[in-house]
Amino acid sequence: QVQLVESGGGLVQAGGSLRLSCAASRGISSISVIDWYRQAPGKQRELVATITSVDNTHYADSVKGRFTISRDNAKNTVYLQMNSLKPEDTAVYYCRASRTGLYYWGQGTQVTVSS
């Protein structure tokens, strides 16, 4: 079992920055992949960024160059640094952990970008 708690969302103006955190209940060094997803109203949930246990990263084209995913194994936390935010980044952001073939989701954190 892995419990995930996201934090750091909020309201920001276009062009601003936010850093999301995903705190895990167990050592993230044992978690093979951690993803950030987002879901905007009326839209499907989409993959935003991925980080593996060996720090390989992947980003959706829509956020490349603006978002950075990172992990701090000592704090059991994965971060999503979001810069140059746009109104279309408005969504609920979720982290997901993949471990031993199972997936675990957090409850999400709301990000709202005003124009």
# chains A, B, ... in the order shown; residues from 1 in each chain; ligands from 1
$ residues_around --residues "stretch 107-111 of chain A" --least-positions-apart "5" --cutoff "10 Å" --atoms "only C-alpha atoms" --output "number ranges by chain"
A: 3-12, 18, 20-22, 36-40, 85, 87, 89-96
$ residues_around --residues "A:Gln81" --least-positions-apart "3" --cutoff "9 Å" --atoms "only C-alpha atoms" --output "number ranges by chain"
A: 17-21, 66-70
$ residues_around --residues "A:Thr77" --least-positions-apart "4" --cutoff "9 Å" --atoms "only C-alpha atoms" --output "short mmCIF file (atom, residue, chain, number, x, y, z; two decimals) with N, CA, C and O atoms, in the first residue's frame"
data_model
loop_
_atom_site.label_atom_id
_atom_site.label_comp_id
_atom_site.auth_asym_id
_atom_site.auth_seq_id
_atom_site.Cartn_x
_atom_site.Cartn_y
_atom_site.Cartn_z
N SER A 21 3.60 19.35 -4.53
CA SER A 21 4.29 18.28 -3.82
C SER A 21 3.41 17.05 -3.74
O SER A 21 2.18 17.18 -3.60
N CYS A 22 4.02 15.90 -3.80
CA CYS A 22 3.33 14.62 -3.64
C CYS A 22 4.10 13.84 -2.59
O CYS A 22 5.18 13.33 -2.87
N ALA A 23 3.53 13.77 -1.39
CA ALA A 23 4.20 13.09 -0.28
C ALA A 23 3.69 11.66 -0.19
O ALA A 23 2.47 11.43 -0.16
N ALA A 24 4.62 10.73 -0.12
CA ALA A 24 4.27 9.31 -0.08
C ALA A 24 4.42 8.75 1.33
O ALA A 24 5.24 9.22 2.12
N GLY A 27 8.86 4.77 1.48
CA GLY A 27 10.01 5.20 0.73
C GLY A 27 9.79 5.18 -0.78
O GLY A 27 9.45 4.15 -1.34
N ILE A 28 9.98 6.32 -1.42
CA ILE A 28 9.72 6.37 -2.86
C ILE A 28 10.84 5.71 -3.65
O ILE A 28 10.69 5.49 -4.85
N SER A 70 10.70 16.31 -10.16
CA SER A 70 11.89 15.90 -9.43
C SER A 70 11.46 15.09 -8.21
O SER A 70 10.28 15.07 -7.86
N ARG A 71 12.41 14.43 -7.59
CA ARG A 71 12.10 13.62 -6.41
C ARG A 71 13.14 13.83 -5.34
O ARG A 71 14.32 14.05 -5.65
N ASP A 72 12.71 13.75 -4.10
CA ASP A 72 13.61 13.83 -2.94
C ASP A 72 13.35 12.56 -2.14
O ASP A 72 12.37 12.49 -1.38
N ASN A 73 14.21 11.57 -2.32
CA ASN A 73 13.99 10.28 -1.65
C ASN A 73 14.04 10.42 -0.13
O ASN A 73 13.33 9.71 0.58
#
$ closest_residue --among "A:Ser114, A:Ala60, A:Gly106, A:Lys86" --to "A:Leu47" --atoms "only C-alpha atoms"
A:Ala60
$ select_by_dssp --residues "stretch 15-96 of chain A" --states "helix (DSSP H, G or I)" --output "PyMOL selection string"
chain A and resi 28-30+73-75+87-89
$ write_last_selection --atoms "N, CA and C atoms" --output "compact mmCIF listing (two decimals), in the first residue's frame"
# COMPACT_ATOMS: atom_id res chain seq x y z
N ILE A 28 9.98 6.32 -1.42
CA ILE A 28 9.72 6.37 -2.86
C ILE A 28 10.84 5.71 -3.65
N SER A 29 11.96 5.40 -3.02
CA SER A 29 13.02 4.70 -3.74
C SER A 29 12.55 3.31 -4.16
N SER A 30 11.50 2.78 -3.49
CA SER A 30 10.97 1.47 -3.85
C SER A 30 9.84 1.56 -4.87
N ASN A 73 14.21 11.57 -2.32
CA ASN A 73 13.99 10.28 -1.65
C ASN A 73 14.04 10.42 -0.13
N ALA A 74 14.85 11.32 0.37
CA ALA A 74 14.96 11.49 1.82
C ALA A 74 13.65 11.99 2.44
N LYS A 75 12.89 12.76 1.66
CA LYS A 75 11.61 13.30 2.14
C LYS A 75 10.42 12.51 1.62
N PRO A 87 -3.59 29.77 -18.65
CA PRO A 87 -4.97 29.42 -18.24
C PRO A 87 -5.33 27.97 -18.58
N GLU A 88 -4.79 27.45 -19.66
CA GLU A 88 -5.10 26.07 -20.05
C GLU A 88 -4.44 25.04 -19.14
N ASP A 89 -3.60 25.47 -18.22
CA ASP A 89 -3.03 24.56 -17.22
C ASP A 89 -3.99 24.35 -16.04
$ select_by_dssp --residues "stretch 4-72 of chain A" --states "strand (DSSP E)" --output "PyMOL selection string"
chain A and resi 4-7+10-13+18-24+33-39+46-52+57-59+67-72
$ write_last_selection --atoms "C-alpha atoms" --output "short mmCIF file (atom, residue, chain, number, x, y, z; two decimals), in the first residue's frame"
data_model
loop_
_atom_site.label_atom_id
_atom_site.label_comp_id
_atom_site.auth_asym_id
_atom_site.auth_seq_id
_atom_site.Cartn_x
_atom_site.Cartn_y
_atom_site.Cartn_z
CA LEU A 4 -0.13 9.83 -1.59
CA VAL A 5 -0.98 13.37 -0.53
CA GLU A 6 -0.70 16.26 -2.97
CA SER A 7 -0.32 19.87 -1.92
CA GLY A 10 -3.83 27.39 -5.67
CA LEU A 11 -4.79 30.41 -7.73
CA VAL A 12 -2.09 32.13 -9.77
CA GLN A 13 -2.01 34.63 -12.60
CA LEU A 18 3.59 27.01 -8.47
CA ARG A 19 5.33 23.99 -6.98
CA LEU A 20 3.23 20.94 -6.30
CA SER A 21 4.29 18.28 -3.82
CA CYS A 22 3.33 14.62 -3.64
CA ALA A 23 4.20 13.09 -0.28
CA ALA A 24 4.27 9.31 -0.08
CA VAL A 33 7.43 5.22 -11.47
CA ILE A 34 5.66 8.30 -10.17
CA ASP A 35 3.51 10.38 -12.49
CA TRP A 36 1.69 13.67 -12.35
CA TYR A 37 -1.66 13.73 -14.13
CA ARG A 38 -4.19 16.50 -14.50
CA GLN A 39 -7.87 16.67 -15.27
CA GLU A 46 -3.97 13.39 -19.02
CA LEU A 47 -0.38 12.51 -18.19
CA VAL A 48 1.73 15.57 -17.48
CA ALA A 49 5.10 14.26 -16.29
CA THR A 50 6.82 11.06 -15.19
CA ILE A 51 9.89 10.26 -13.13
CA THR A 52 11.39 6.83 -12.65
CA THR A 57 11.86 11.92 -16.84
CA HIS A 58 9.19 12.40 -19.46
CA TYR A 59 6.90 15.34 -20.17
CA PHE A 67 7.34 22.09 -15.92
CA THR A 68 10.00 20.11 -14.08
CA ILE A 69 9.44 16.89 -12.14
CA SER A 70 11.89 15.90 -9.43
CA ARG A 71 12.10 13.62 -6.41
CA ASP A 72 13.61 13.83 -2.94
#
$ closest_residue --among "A:Ala14, A:Ala97, A:Leu80, A:Val2" --to "A:Arg26" --atoms "only C-alpha atoms"
A:Val2
$ atom_distance --atom1 "atom CA of A:Leu102" --atom2 "atom CA of A:Gln1"
9.0 Å
